[in-house]
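Novice: Following this message is one structure expressed as structure tokens.
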Amino acid sequence: MQFKSMVVLNEQISPGYCRIRLTAPREIMHAKPGQFVMVRVFEGIDPLLRRPFGIYDLGSFEPEYPEAPKQHYIEILYKVVGRGTGILHSLHRNDYLDVLGPLGNGFDPGNSNDEKILVGGGFGLAPLYFLAKQLASKSKVKVFIGGRKKEDILCVTEFERLGIEAYVATDDGTLGSMGLVTEVLEKYLAEGANHRTIFACGPVPMLKSAAAIAERYGIPCQVSLEANMACGVGACLGCVTRGSRHSDENPDYRCVCKDGPVFAATEILWD
Amino acid sequence: MQFKSMVVLNEQISPGYCRIRLTAPREIMHAKPGQFVMVRVFEGIDPLLRRPFGIYDLGSFEPEYPEAPKQHYIEILYKVVGRGTGILHSLHRNDYLDVLGPLGNGFDPGNSNDEKILVGGGFGLAPLYFLAKQLASKSKVKVFIGGRKKEDILCVTEFERLGIEAYVATDDGTLGSMGLVTEVLEKYLAEGANHRTIFACGPVPMLKSAAAIAERYGIPCQVSLEANMACGVGACLGCVTRGSRHSDENPDYRCVCKDGPVFAATEILWD
Amino acid sequence: MKKPDLSVEIAGIKMRNPVMTASGTFGYGEEYSSYVDLERLGGIVTKGLSLRPKAGNPMPRIVETPGGMLNAIGLQNVGIDAFIEKKLPFLRTVNTPVIVNFFGNTEDEYAEMAERLDKIPEVSGLEMNISCPNVKQGGIAFGSRPDAAYSVVKAVRESTIKPVIVKLSPNVSDIVEMAHACADADADALSLINTLTGMAIDLKNRKPVLANVTGGFSGPAIKPIALRMVWQVASAVDIPVIGIGGITKATDALEFLLAGATAVQVGTANFITPGVTENIVRDMERYLVENRIADVKDLIGALQA
Amino acid sequence: MKKPDLSVEIAGIKMRNPVMTASGTFGYGEEYSSYVDLERLGGIVTKGLSLRPKAGNPMPRIVETPGGMLNAIGLQNVGIDAFIEKKLPFLRTVNTPVIVNFFGNTEDEYAEMAERLDKIPEVSGLEMNISCPNVKQGGIAFGSRPDAAYSVVKAVRESTIKPVIVKLSPNVSDIVEMAHACADADADALSLINTLTGMAIDLKNRKPVLANVTGGFSGPAIKPIALRMVWQVASAVDIPVIGIGGITKATDALEFLLAGATAVQVGTANFITPGVTENIVRDMERYLVENRIADVKDLIGALQA
Ligand SMILES: Cc1cc2nc3c(=O)[nH]c(=O)nc-3n(C[C@H](O)[C@H](O)[C@H](O)COP(=O)(O)OP(=O)(O)OC[C@H]3O[C@@H](n4cnc5c(N)ncnc54)[C@H](O)[C@@H]3O)c2cc1C
Ligand SMILES: Cc1cc2nc3c(=O)[nH]c(=O)nc-3n(C[C@H](O)[C@H](O)[C@H](O)COP(=O)(O)OP(=O)(O)OC[C@H]3O[C@@H](n4cnc5c(N)ncnc54)[C@H](O)[C@@H]3O)c2cc1C
Ligand SMILES: Cc1cc2nc3c(=O)[nH]c(=O)nc-3n(C[C@H](O)[C@H](O)[C@H](O)COP(=O)(O)O)c2cc1C
Ligand SMILES: Cc1cc2nc3c(=O)[nH]c(=O)nc-3n(C[C@H](O)[C@H](O)[C@H](O)COP(=O)(O)O)c2cc1C
Ligand code: FES
Ligand code: FES
């Protein structure tokens, strides 16, 4: 669906990263973790296209007037990288913007007896946190968070509030262990990997190595991908990624917006 | 000059008309009535070009901190007509924008013994008010204000505060006499027209008829014109108007931004 | 005043209003069916089809530019067989003219596509894409040379009795010359403009942003070029013209009508506002009411220039 | 690290950096001298000159479009005599290469202009605007046909020993073909792009906005087309290329260098930020320092495509 939305709060959560809460119609409550929205940050042509963002959280708050209906909202976690996110960052409470979504397929939570292993970096934690909120009650969940420096490590406290243990690694060792979080993941799995499922969202190298580890230990792995998008609904065919059976002779392209953004790691051609 | 400027106040003064006060460097105090500024209302390409606005007022206010230097400002009176003025209207106190100016030639106040007759409509009153402030002390000044309906009649009280009598006419008679203000002007001049100078700024038909009246009574008349502008400094040649000697065989074009915006009525080809 | 008449007719295709979707920006209709009441539109133009399925170009395929975007989709499409089998059943349920956009690599392929499409009753018209700026050895040759355009249009013309709309490329020195060539080959109508050819560069990596290096330039930025070409062509040929390029609102569409277009297609704007075409129809009707214009056809070519 | 080298050379014209002003957007230099330190620029290109003064088109002459603008100035200029008498004295005081942009209605007029300019020591180079109608050839622009371009460039080439830069029109089917024609006629360099032809319509009055109906389209919106053409031309010819079109910041300019341009010209952006050219020079230098690039020339054509 497409809806006009009002900014409820818009705050920095870590240098360069912000969290924005937007009013939304009640239908938004059906959104699944891993789905995303496309936001039009500014009326007019600059920027022209919508910007895709994963859903970080959903909820409802009491309306200002007792008789008014409950107000639902959606939250996005965003990194300020360019013009669109820059404008998003400049929005104040009660400013309006336009949202399209929820879009995409979302994660498949799978068998609740399995241990759910979340692996993410940067704003990739957003959909994983939303997923964790739904899984925490039913399943054992662990989260592995990686980043360049401690500023890039998000949501640790949020996960811990859900009673989820967070393993952290940074390239420069400013938080958690020094190195790649996928190394920490591998150590963890070395102690026993059966009945586990990996859900990964973050930079491609992280996804790639998570996929490789999952394959090595023969456990299922779902990854959430990114691509430049125009429509978000499967109409423009602009957001493709290479499927596992892809070759230059017989190309195999998948729409990230429609067939994804979540794919089984085995569906994707990594190299 | 070009300067970054902060919005001090931005308020509606009549339905569809607003007044905005912008901080400015001290050099702005040398600006002459009839000169204009070109405002960039939004960083980015939408809208792309600057918007020209006549200078309505200048001044200084006490800085917030005693030791800080005096803060100078410029005021613009604007009508919300499209995208640029729409964005201007949406600006809040402490928002920034970018100003180029003062630009153009400005009015020539002339002999202070003459009676100064100001004729204007809509936002055309802006430069006339600035002019009146400088003339009021030295010369006899009268102002003739015309518009479609009473909402289009601006600055009457401001002129009266300067001790200037205002003659008002509206097409629908909702304020002042019903009809064209130039008819009121003509009546006034009929009682004696020598040692008088007309300064006019407003819609072209008003300027044209003011010019005709001035010619009939053989008194000098200065008019301030408008044209679509790109550069405002005489570089693009986009803002021309037809000079009095203009013919299709021997065109005679004048730059409104550089040779004007103020012209002797006799310099201009009307029709 | 009674409701204004928004209906137009192009080469026998009766449309309830002049607002269509542009090829490649609206999928096969179904993609946007939850956002737009397809039966409020004048027509639906499908993604460009070819005889065999086409996988398209490597990624990245799109990039935003000032006021526009570049695309190098590479004419990815399911092919005519899958179209008939998988996409047509849905379109059959929609009471709105369906115009199939198609292309080929050779004249014979164009002709064969036309023959295939000629047999599909649900297809109201054919739109030939003779300009594929982002496909290596694609249709570009057809669209940039009058003789080539003439003969491929002739070939298609002789392969179908359905209305043939030729979609012109703007990447030419003389758009009017191209238009005449297509009209001489008995095209029923012309649609323009297709995308201009553009390029974006990734300074950091010193590489083109698009895997295909260049891409098709569309969106509000190109509107002045589209308006100019539509005006030139509509003033020069006798067959109806469909205006395309940077349309995002009713006033844009009305400007194209004044310039001489009988109808318009909306492309890139669908991505930004899925319901944009319906909004344009609504606002166009309002405009006619407010300006006491009984029939939208009175605006076609009404520009005083 | 020591200051990076920003200097470039075009057909013997030594410039302290690759940033010039584009013809018609910077007057005769003096107009912007209070906003820009002209001696920080790589070069100044004058408004287009003709043998006799030209009054230009009726108004309105300009209109804003999404991300760009249209202009129909009509090549208004003071003529070469007034230029020498009134404008040159100022330019003489500025220690920066002056390139005179000029045009004619016939080949002979082009040649005569070249001869006149050849005698002016302060003129470092000539830029031929060939996007003008050839009155002898039924008004078709010299810049839209290779043969016409070849012979007018040849005529100019034989009339001056000064560097001859030919400014190409983008309104062509094959920009590379045009570039080759000019190179074959011994042009020393090429500059592109000139404006695209566009149109804007005043819906309310049902009239074109511009008195001239159509106008030249410039500004950020056209950058993707300009980048594509510069890349195509620079990859095809051996003479230096000057990149023009939608440049508003240093990163834009650097993208044109990567695409193969030896220098750039900034046009419409001057109107928005009078000091933009100086800012671009400053930011370009910063970019080189931050990225440890000793010589800006290392970026020319460095695109991996
Ligand atoms: C499915 C999906 C989910 C995403 N979720 C989040 C999220 O939760 N939080 C977050 O901060 N970011 C997220 N992103 C990335 C986000 O869309 C980009 O950071 C954002 O579009 C940048 O816009 P900009 O104008 O600030 O940057 P610019 O660089 O100015 O954008 C220029 C163009 O490139 C596109 N673009 C730039 N970076 C990306 C990218 N990484 N992915 C896709 N398009 C890009 C923009 O959409 C725009 O079209 C997601 C992307 C996708 C595809
Ligand atoms: C010398 C001068 C002084 C002016 N002084 C004032 C003033 O004091 N107060 C005020 O409200 N307005 C003034 N104007 C008119 C003002 O510039 C326009 O109303 C404004 O540019 C409209 O911008 P927009 O984006 O809101 O409208 P849009 O219609 O969206 O603008 C579209 C384009 O048309 C141009 N344009 C539209 N109307 C005019 C116009 N009347 N004159 C020139 N260009 C126009 C805009 O600059 C822009 O490039 C003045 C104009 C000039 C030339
Ligand atoms: C992503 C995308 C895909 C397109 N695919 C096609 C196509 O398959 N066939 C075609 O004739 N035109 C295609 N076009 C061109 C559009 O139909 C239209 O001519 C062009 O985008 C200009 O209109 P606009 O500015 O409204 O987008 C495509 C455009 C875009 C943006
Ligand atoms: C107002 C205006 C006047 C111009 N006059 C000329 C001219 O006289 N001769 C010429 O060769 N180009 C002329 N141009 C074209 C510019 O030099 C430049 O090629 C074009 O504007 C594209 O660059 P830009 O997008 O940076 O403006 C003019 C452009 C504008 C906007
Ligand atoms: S973004 Fe358009 S198909 Fe995915
Ligand atoms: S606005 Fe450029 S010359 Fe007047």
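Residues are named by chain letter and number: chains run A, B, ... in the order of the structure tokens, numbers start at 1 in each chain, and ligands are numbered from 1 in the order shown.
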Could you write out as a list in words the residues of chain A within 12 Å of chain B, counting only C-alpha atoms?
Specialist: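 Written out as asked, the residues are Phe42, Glu43, Gly44, Ile45, Asp46, Pro47, Leu48, Arg83, Gly84, Ile87, Ser90, His92 and Asp95 of chain A.
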Novice: For the selection you just gave me, I'd like the residues written to a file as a short mmCIF file (atom, residue, chain, number, x, y, z; two decimals), in the first residue's frame, keeping C-alpha atoms.
Specialist:
```
data_model
loop_
_atom_site.label_atom_id
_atom_site.label_comp_id
_atom_site.auth_asym_id
_atom_site.auth_seq_id
_atom_site.Cartn_x
_atom_site.Cartn_y
_atom_site.Cartn_z
CA PHE A 42 10.77 14.94 -0.55
CA GLU A 43 7.93 16.12 -2.78
CA GLY A 44 9.42 17.08 -6.10
CA ILE A 45 12.15 15.71 -8.30
CA ASP A 46 15.25 16.03 -6.15
CA PRO A 47 15.68 13.27 -5.20
CA LEU A 48 13.38 11.69 -7.76
CA ARG A 83 21.03 13.07 -0.46
CA GLY A 84 17.93 11.04 0.36
CA ILE A 87 16.99 14.91 3.82
CA SER A 90 16.67 16.76 8.48
CA HIS A 92 11.34 17.12 12.21
CA ASP A 95 6.79 16.57 9.08
#
```
Novice: Up to 12 Å from chain B, what residues of chain C turn up? Count only C-alpha atoms and give them as an MDAnalysis selection string.
Specialist: chainID C and resid 65:68 220:221
Novice: Quick one: residues within 6 Å of Phe217 (chain C), only C-alpha atoms, excluding same-chain residues fewer than 4 positions away - as number ranges by chain?
Specialist: C: 69-70, 195-198
Novice: Report as a PyMOL selection string: the residues of region 57-153 of chain A with a DSSP assignment of alpha helix (DSSP H), based on the backbone of this structure.
Specialist: chain A and resi 83-90+125-135
Novice: Mind dumping a table of every chain D residue within 6 Å of ligand 4, with the nearest atom pair and its distance in Å to one decimal, using only C-alpha atoms and all ligand atoms, sorted by chain and rising number, as a Markdown table?
Specialist:
```
| residue | atom | partner | partner_atom_place_in_ligand_line | distance |
| --- | --- | --- | --- | --- |
| D:Ala22 | CA | ligand 4 | 17 (O) | 4.1 |
| D:Ser23 | CA | ligand 4 | 17 (O) | 4.0 |
| D:Gly24 | CA | ligand 4 | 5 (N) | 3.4 |
| D:Thr25 | CA | ligand 4 | 2 (C) | 5.1 |
| D:Lys47 | CA | ligand 4 | 8 (O) | 4.8 |
| D:Gly48 | CA | ligand 4 | 8 (O) | 3.8 |
| D:Asn71 | CA | ligand 4 | 1 (C) | 5.3 |
| D:Leu75 | CA | ligand 4 | 8 (O) | 5.1 |
| D:Asn129 | CA | ligand 4 | 11 (O) | 4.6 |
| D:Ile193 | CA | ligand 4 | 19 (O) | 5.4 |
| D:Asn194 | CA | ligand 4 | 19 (O) | 3.6 |
| D:Thr195 | CA | ligand 4 | 20 (C) | 4.8 |
| D:Ser218 | CA | ligand 4 | 25 (O) | 4.0 |
| D:Gly219 | CA | ligand 4 | 25 (O) | 3.6 |
| D:Pro220 | CA | ligand 4 | 25 (O) | 5.9 |
| D:Ile244 | CA | ligand 4 | 23 (O) | 5.1 |
| D:Gly245 | CA | ligand 4 | 25 (O) | 3.7 |
| D:Gly246 | CA | ligand 4 | 25 (O) | 3.5 |
| D:Ile247 | CA | ligand 4 | 26 (O) | 5.1 |
| D:Val266 | CA | ligand 4 | 26 (O) | 4.5 |
| D:Gly267 | CA | ligand 4 | 26 (O) | 3.4 |
| D:Thr268 | CA | ligand 4 | 27 (O) | 3.6 |
```
Novice: Pull C-alpha atoms from the residues just selected and write them as a compact mmCIF listing (two decimals), in the first residue's frame.
Specialist:
```
# COMPACT_ATOMS: atom_id res chain seq x y z
CA ALA D 22 30.90 28.18 -20.89
CA SER D 23 29.98 30.59 -23.66
CA GLY D 24 26.89 32.70 -23.09
CA THR D 25 26.73 32.02 -19.38
CA LYS D 47 29.57 35.05 -25.29
CA GLY D 48 29.21 33.95 -28.92
CA ASN D 71 17.11 29.68 -23.32
CA LEU D 75 22.82 34.73 -29.94
CA ASN D 129 29.62 27.34 -32.39
CA ILE D 193 27.82 19.53 -25.55
CA ASN D 194 26.01 22.61 -26.67
CA THR D 195 22.37 22.84 -25.61
CA SER D 218 20.93 23.20 -20.29
CA GLY D 219 21.66 22.53 -16.65
CA PRO D 220 22.07 19.50 -14.34
CA ILE D 244 30.31 20.59 -21.04
CA GLY D 245 26.85 19.93 -19.68
CA GLY D 246 25.23 20.17 -16.28
CA ILE D 247 28.41 20.61 -14.29
CA VAL D 266 30.64 25.36 -16.58
CA GLY D 267 27.52 27.11 -17.85
CA THR D 268 24.13 27.32 -16.18
```
Novice: Relative to chain C, what is the Cα RMSD of chain D after a least-squares superposition using every Cα atom paired in order?
Specialist: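 The C-alpha RMSD comes out at 1.6 Å.
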Novice: When you look at Asn212 (chain C) with a cut-off of 8 Å (counting only C-alpha atoms), what residues show up, excluding the ones that are within fewer than 5 positions of it in the same chain? I need them as a list in words.
Specialist: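 Skipping anything fewer than 5 positions along the chain leaves Asn57, Pro58, Arg61, Ala72 and Asn134 of chain C.
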Novice: Which residues are near region 33-35 of chain A? Cut-off 8 Å, only C-alpha atoms, ignore same chain within fewer than 5 positions. Put them as a PyMOL selection string.
Specialist: chain A and resi 54-55+102-107+127-128+130-131+224+261-262
Novice: Write out the residues from the selection above, keeping C-alpha atoms, as an mmCIF file, in the first residue's frame.
Specialist:
```cif
data_model
loop_
_atom_site.group_PDB
_atom_site.id
_atom_site.type_symbol
_atom_site.label_atom_id
_atom_site.label_comp_id
_atom_site.auth_asym_id
_atom_site.auth_seq_id
_atom_site.Cartn_x
_atom_site.Cartn_y
_atom_site.Cartn_z
ATOM 1 C CA GLY A 54 14.038 -2.449 5.871
ATOM 2 C CA ILE A 55 11.412 -2.437 8.592
ATOM 3 C CA PRO A 102 5.427 -3.307 3.058
ATOM 4 C CA LEU A 103 7.221 -4.806 0.037
ATOM 5 C CA GLY A 104 9.140 -8.003 -0.656
ATOM 6 C CA ASN A 105 8.899 -11.507 0.738
ATOM 7 C CA GLY A 106 10.448 -11.374 4.217
ATOM 8 C CA PHE A 107 12.221 -14.079 6.212
ATOM 9 C CA PRO A 127 15.284 -6.385 9.831
ATOM 10 C CA LEU A 128 17.104 -8.851 12.111
ATOM 11 C CA PHE A 130 12.311 -7.095 13.862
ATOM 12 C CA LEU A 131 12.754 -10.831 13.229
ATOM 13 C CA SER A 224 18.589 -10.288 2.746
ATOM 14 C CA PRO A 261 14.938 -9.207 -0.648
ATOM 15 C CA VAL A 262 15.339 -12.454 1.319
#
```
Novice: Using only C-alpha atoms and all ligand atoms, find each protein or nucleic acid residue lying at most 8 Å from ligand 2; present the set as a PyMOL selection string.
Specialist: (chain B and resi 17+35-37+47+49-56+76-87+104+123-127+224-230+256-257+261) or (chain D and resi 63-64)
Novice: Output C-alpha atoms for every residue in that selection, as a CSV table (one decimal), in the first residue's frame.
Specialist:
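The new file out_6.csv reads:
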```csv
chain,number,residue,atom,x,y,z
B,17,TYR,CA,1.2,37.5,0.9
B,35,GLN,CA,17.2,47.2,-6.2
B,36,PHE,CA,16.4,43.5,-5.8
B,37,VAL,CA,18.0,40.3,-4.5
B,47,PRO,CA,13.8,24.6,-8.1
B,49,LEU,CA,17.2,29.0,-10.5
B,50,ARG,CA,17.2,31.8,-8.0
B,51,ARG,CA,14.1,33.9,-7.5
B,52,PRO,CA,14.2,37.7,-7.8
B,53,PHE,CA,12.5,39.8,-5.1
B,54,GLY,CA,12.5,43.6,-4.6
B,55,ILE,CA,14.0,44.9,-1.3
B,56,TYR,CA,11.1,45.9,1.0
B,76,ILE,CA,11.2,40.9,1.3
B,77,LEU,CA,7.5,41.0,0.7
B,78,TYR,CA,6.4,38.0,-1.4
B,79,LYS,CA,3.3,36.5,-2.9
B,80,VAL,CA,3.0,32.7,-2.9
B,81,VAL,CA,2.6,31.9,-6.6
B,82,GLY,CA,4.5,28.7,-7.3
B,83,ARG,CA,7.2,26.3,-6.2
B,84,GLY,CA,9.9,28.7,-5.2
B,85,THR,CA,7.7,31.1,-3.2
B,86,GLY,CA,5.9,28.0,-1.9
B,87,ILE,CA,9.1,26.7,-0.4
B,104,GLY,CA,20.0,46.4,-10.4
B,123,PHE,CA,4.1,43.1,-4.2
B,124,GLY,CA,5.0,46.1,-6.3
B,125,LEU,CA,4.5,48.0,-3.1
B,126,ALA,CA,7.7,46.5,-1.6
B,127,PRO,CA,10.3,48.7,-3.4
B,224,SER,CA,10.2,49.1,-12.1
B,225,LEU,CA,9.8,46.1,-14.4
B,226,GLU,CA,9.8,42.3,-14.1
B,227,ALA,CA,11.2,39.6,-16.3
B,228,ASN,CA,12.1,35.9,-16.0
B,229,MET,CA,15.7,36.0,-14.9
B,230,ALA,CA,18.5,33.5,-14.7
B,256,VAL,CA,15.8,44.3,-16.8
B,257,CYS,CA,18.4,43.0,-14.3
B,261,PRO,CA,14.7,47.0,-13.1
D,63,VAL,CA,12.2,29.4,-18.6
D,64,GLU,CA,13.0,27.0,-15.9
```
